[in-house]
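Engineer: This is the structure I want to talk about, given as structure tokens.
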Amino acid sequence: MIHKIWLSLFIVGILYSFFAETTVQVNQAVVQGASDAIQLIIYLAGILTFWTGILQVANRAKLLNLLERMLTPVIRILYPKLKSNHPALKYLTTNMVSNMMGLGSAATPTGLKAMKELQATNPHPERPTFEMYTLLVMNTAGFTLIPTTIIGIRAAYQAHNPTDVFLPIIFASGLSMIGGLLIHQFYSRFKKIHSSGSLKSVNHERR
Amino acid sequence: MKEGEEVSSIGNYAVPVFLLIIFMMALIHKTNAFDDFVDGAKEGLATTVKLIPNLVGMIVAIKVFLASGIVERIAAILAPVLSTLHIEPPVLPLMFLRPLSGSAALGFTSELIQIHGPDSLVGRLAAVMQGSSDTTIYIITVYFAAVGLKEMKHALKLGLATDIMAFILAIVSVTVYF
């Protein structure tokens with residue numbers, strides 16, 4: 001997928017520049033672009049290095065554990081049909097905390113483990129379950145408490161106040177996540193999407 | 001547009017308060033905060049270094065694409081539609097790239113911020129759009145592939161509907177807030 005996007009950007013850009021006579025600008029983009037990119041990354045490297053360090057302090061100081069405990073009621077609301085001993089719950093919680101803290105690299109492995117546990121109790125393994133859709137909305141909404149990369153880019157280009165996009169981002173990602181969950185709820189009732197936590201599947205596992 | 005410091009008093013407190021909570025927790029649990037910081041920071045730096053080739057490749061491609069002038073051409077054709085929807089023409093490609101590729105979207109956002117300025121309407125819109133959604137199509141593909149599920153149609157509809165809501169909310173919040 002990425003290689004197609006990459007090639008299309010170049011091919012469309014170069015071909016269109018012949019037509020629009022913007023080859024001079026395209027030439028300059030090729031020559032200048034790479035060093036611009038490196039400059040941005042050097043700037044970003046500072047803020048990203050600092051924040052991953054801070055998040056490690058938070059992790060060792062048990063802040064992530066505290067957040068996980070605080071989120072347990074939310075998880076119960078989001079996944080009402082999973083029994084409290086369902087093995088996926090632990091991963092679903094960690095995944096949510098990782099996303100909120102902007103730890104994308106930690107969110108994906110826990111999300112995949114949660115998917116595997118949800119699939120293990122899926123009564124119709126060829127079709128996704130209610131809980132899987134919920135997990136996907138939680139991950140694709142991009143809800144993060146501190147959007148460090150964005151703040152870093154804004155700082156790199158001398159924003160007056162790099163953090164002032166904080167509230168609009170929380171607002172847009174939070175509300176779109178809730179909206180996505182509501183559409184999902186509505187659609188699931190309408191189409192009767194089955195659950196990973198149905199009694200049938202639990203019995204099946206015991207046998 | 002008002003001055004940044006007037007409109008974002010809560011935003012100004014978020015980062016220092018967040019840091020303070022973390023440092024207080026470290027003090028209470030008597031962890032070796034500085035060593036932990038260095039450990040984590042090493043990992044963060046390594047991740048950033050690994051990102052360099054991806055971003056250099058993507059940013060040059062995006063610069064070529066933008067320099068060709070094709071976005072202006074498409075925006076001119078779509079101008080009536082875009083202005084009714086209150087979409088700033090320069091962010092249009094970002095809305096298509098965001099669900100597809102993380103590095104392409106990040107490169108595009110940084111380009112828009114550089115060209116139009118971080119405190120311009122376009123710069124802020126790009127920042128909020130980038131920050132309030134994720135690489136939906138990529139995530140769905142990876143999550144479904146991990147358990148061998150092939151029925152992705154509904155998941156894609158759901159994920160993309162969430163993204164469209166995020167973009168609309170980004171336009172609304174940036175217009176209202178700034």
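Chain labels A, B, ... are given in the sequence in which chains occur in the structure tokens; within each chain residues are numbered consecutively from 1, and ligands are likewise numbered from 1 in the order shown.
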Applying 10 Å and only C-alpha atoms, which residues near segment 60-64 of chain B remain after dropping the ones on its own chain fewer than 4 positions away? List them as number ranges by chain.
Structural biologist: A: 5-14, 17, 23, 25-37; B: 55-56, 68-69, 104-105, 107-108, 111
Engineer: For Leu45 of chain B, list every protein, DNA or RNA residue within 9 Å, evaluated using only C-alpha atoms, and leave out those in the same chain fewer than 2 positions away; present the list as a VMD selection string.
Structural biologist: (chain A and resid 45 to 46 48 to 50 52) or (chain B and resid 40 to 43 47 to 50)
Engineer: Running DSSP on the backbone, which parts of chain B land in helix (DSSP H, G or I), as a PyMOL selection string?
Structural biologist: chain B and resi 4-7+9-28+33-67+70-84+89-97+102-116+121-131+136-146+153-177
Engineer: In Å, rounded to a single decimal, give me how far atom CA of Thr141 of chain B is from atom CA of Leu44 of chain A.
Structural biologist: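 Result for atom CA of Leu44 of chain A versus atom CA of Thr141 of chain B: 28.1 Å, one decimal.
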Engineer: Considering only C-alpha atoms, return as an NGL selection string whatever protein or nucleic-acid residues lie within 8 Å of Asp163 of chain B, sequence-local ones (same chain, fewer than 6 positions apart) excluded.
Structural biologist: (:A and (140-141 or 176)) or (:B and (99 or 133-134 or 136))
Engineer: Can you write out the residues you just picked, keeping N, CA and C atoms, as a CSV table (one decimal), in the first residue's frame?
Structural biologist:
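This is the output file again.csv:
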chain,number,residue,atom,x,y,z
A,140,THR,N,-8.6,3.2,15.8
A,140,THR,CA,-8.5,4.0,14.6
A,140,THR,C,-8.9,5.5,14.9
A,141,ALA,N,-9.5,5.7,16.1
A,141,ALA,CA,-9.9,7.1,16.4
A,141,ALA,C,-8.8,7.9,16.8
A,176,SER,N,-15.3,12.0,17.9
A,176,SER,CA,-15.4,11.0,16.7
A,176,SER,C,-15.3,9.6,17.2
B,99,PRO,N,-5.8,8.0,6.4
B,99,PRO,CA,-6.2,6.7,6.8
B,99,PRO,C,-5.2,5.6,6.2
B,133,SER,N,-7.0,11.6,14.2
B,133,SER,CA,-7.4,10.3,13.6
B,133,SER,C,-6.2,9.5,13.4
B,134,ASP,N,-6.3,8.3,12.9
B,134,ASP,CA,-5.2,7.4,12.8
B,134,ASP,C,-5.2,6.7,11.4
B,136,THR,N,-6.3,4.4,9.8
B,136,THR,CA,-7.4,3.4,9.9
B,136,THR,C,-7.3,2.2,9.0
Engineer: What does the distance from atom CA of Ile52 of chain B to atom CA of Thr149 of chain A come to in Å, to one decimal?
Structural biologist: 14.3 Å
Engineer: Give me the residues near segment 17-24 of chain B as a PyMOL selection string, where near means some atom within 8 Å (using only C-alpha atoms) and where sequence neighbours in that chain fewer than 4 positions away do not count.
Structural biologist: (chain A and resi 54+57-58+61+63) or (chain B and resi 13+28+33)
Engineer: Within 8 Å of Arg124 of chain B, counting only C-alpha atoms, which residues show up once you throw out same-chain ones fewer than 4 positions away? Write them as number ranges by chain, please.
Structural biologist: A: 165; B: 113, 118-120, 128, 174
Engineer: I want to know what sits within 8 Å of segment 168-173 of chain B, based on only C-alpha atoms, with residues of the same chain fewer than 4 positions away left out; could you give that as a JSON list (two decimals) with C-alpha atoms, in the first residue's frame?
Structural biologist:
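In the end it all went to selection-v1.json:
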[["chain", "number", "residue", "atom", "x", "y", "z"],
["A", 168, "PRO", "CA", -9.34, 20.89, 19.55],
["A", 169, "ILE", "CA", -7.48, 17.58, 19.08],
["A", 171, "PHE", "CA", -12.38, 17.33, 21.24],
["A", 172, "ALA", "CA", -12.24, 16.04, 17.64],
["A", 175, "LEU", "CA", -16.14, 12.94, 19.95],
["A", 176, "SER", "CA", -15.40, 11.04, 16.72],
["B", 86, "HIS", "CA", -15.89, 24.70, 4.69],
["B", 87, "ILE", "CA", -12.87, 22.59, 3.70],
["B", 125, "LEU", "CA", -6.43, 22.40, 10.60],
["B", 128, "VAL", "CA", -5.83, 18.84, 14.38],
["B", 129, "MET", "CA", -6.73, 16.45, 11.53],
["B", 132, "SER", "CA", -7.41, 13.39, 15.88],
["B", 164, "ILE", "CA", -14.88, 11.57, 8.43],
["B", 177, "TYR", "CA", -11.72, 27.70, 19.00]]
Engineer: Which residue is closest to chain B? Choose from A:Phe130, A:Phe143, A:Phe186, A:Tyr91 and count only C-alpha atoms.
Structural biologist: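 Between A:Phe130, A:Phe143, A:Phe186, A:Tyr91, the residue approaching chain B most closely is A:Phe143.
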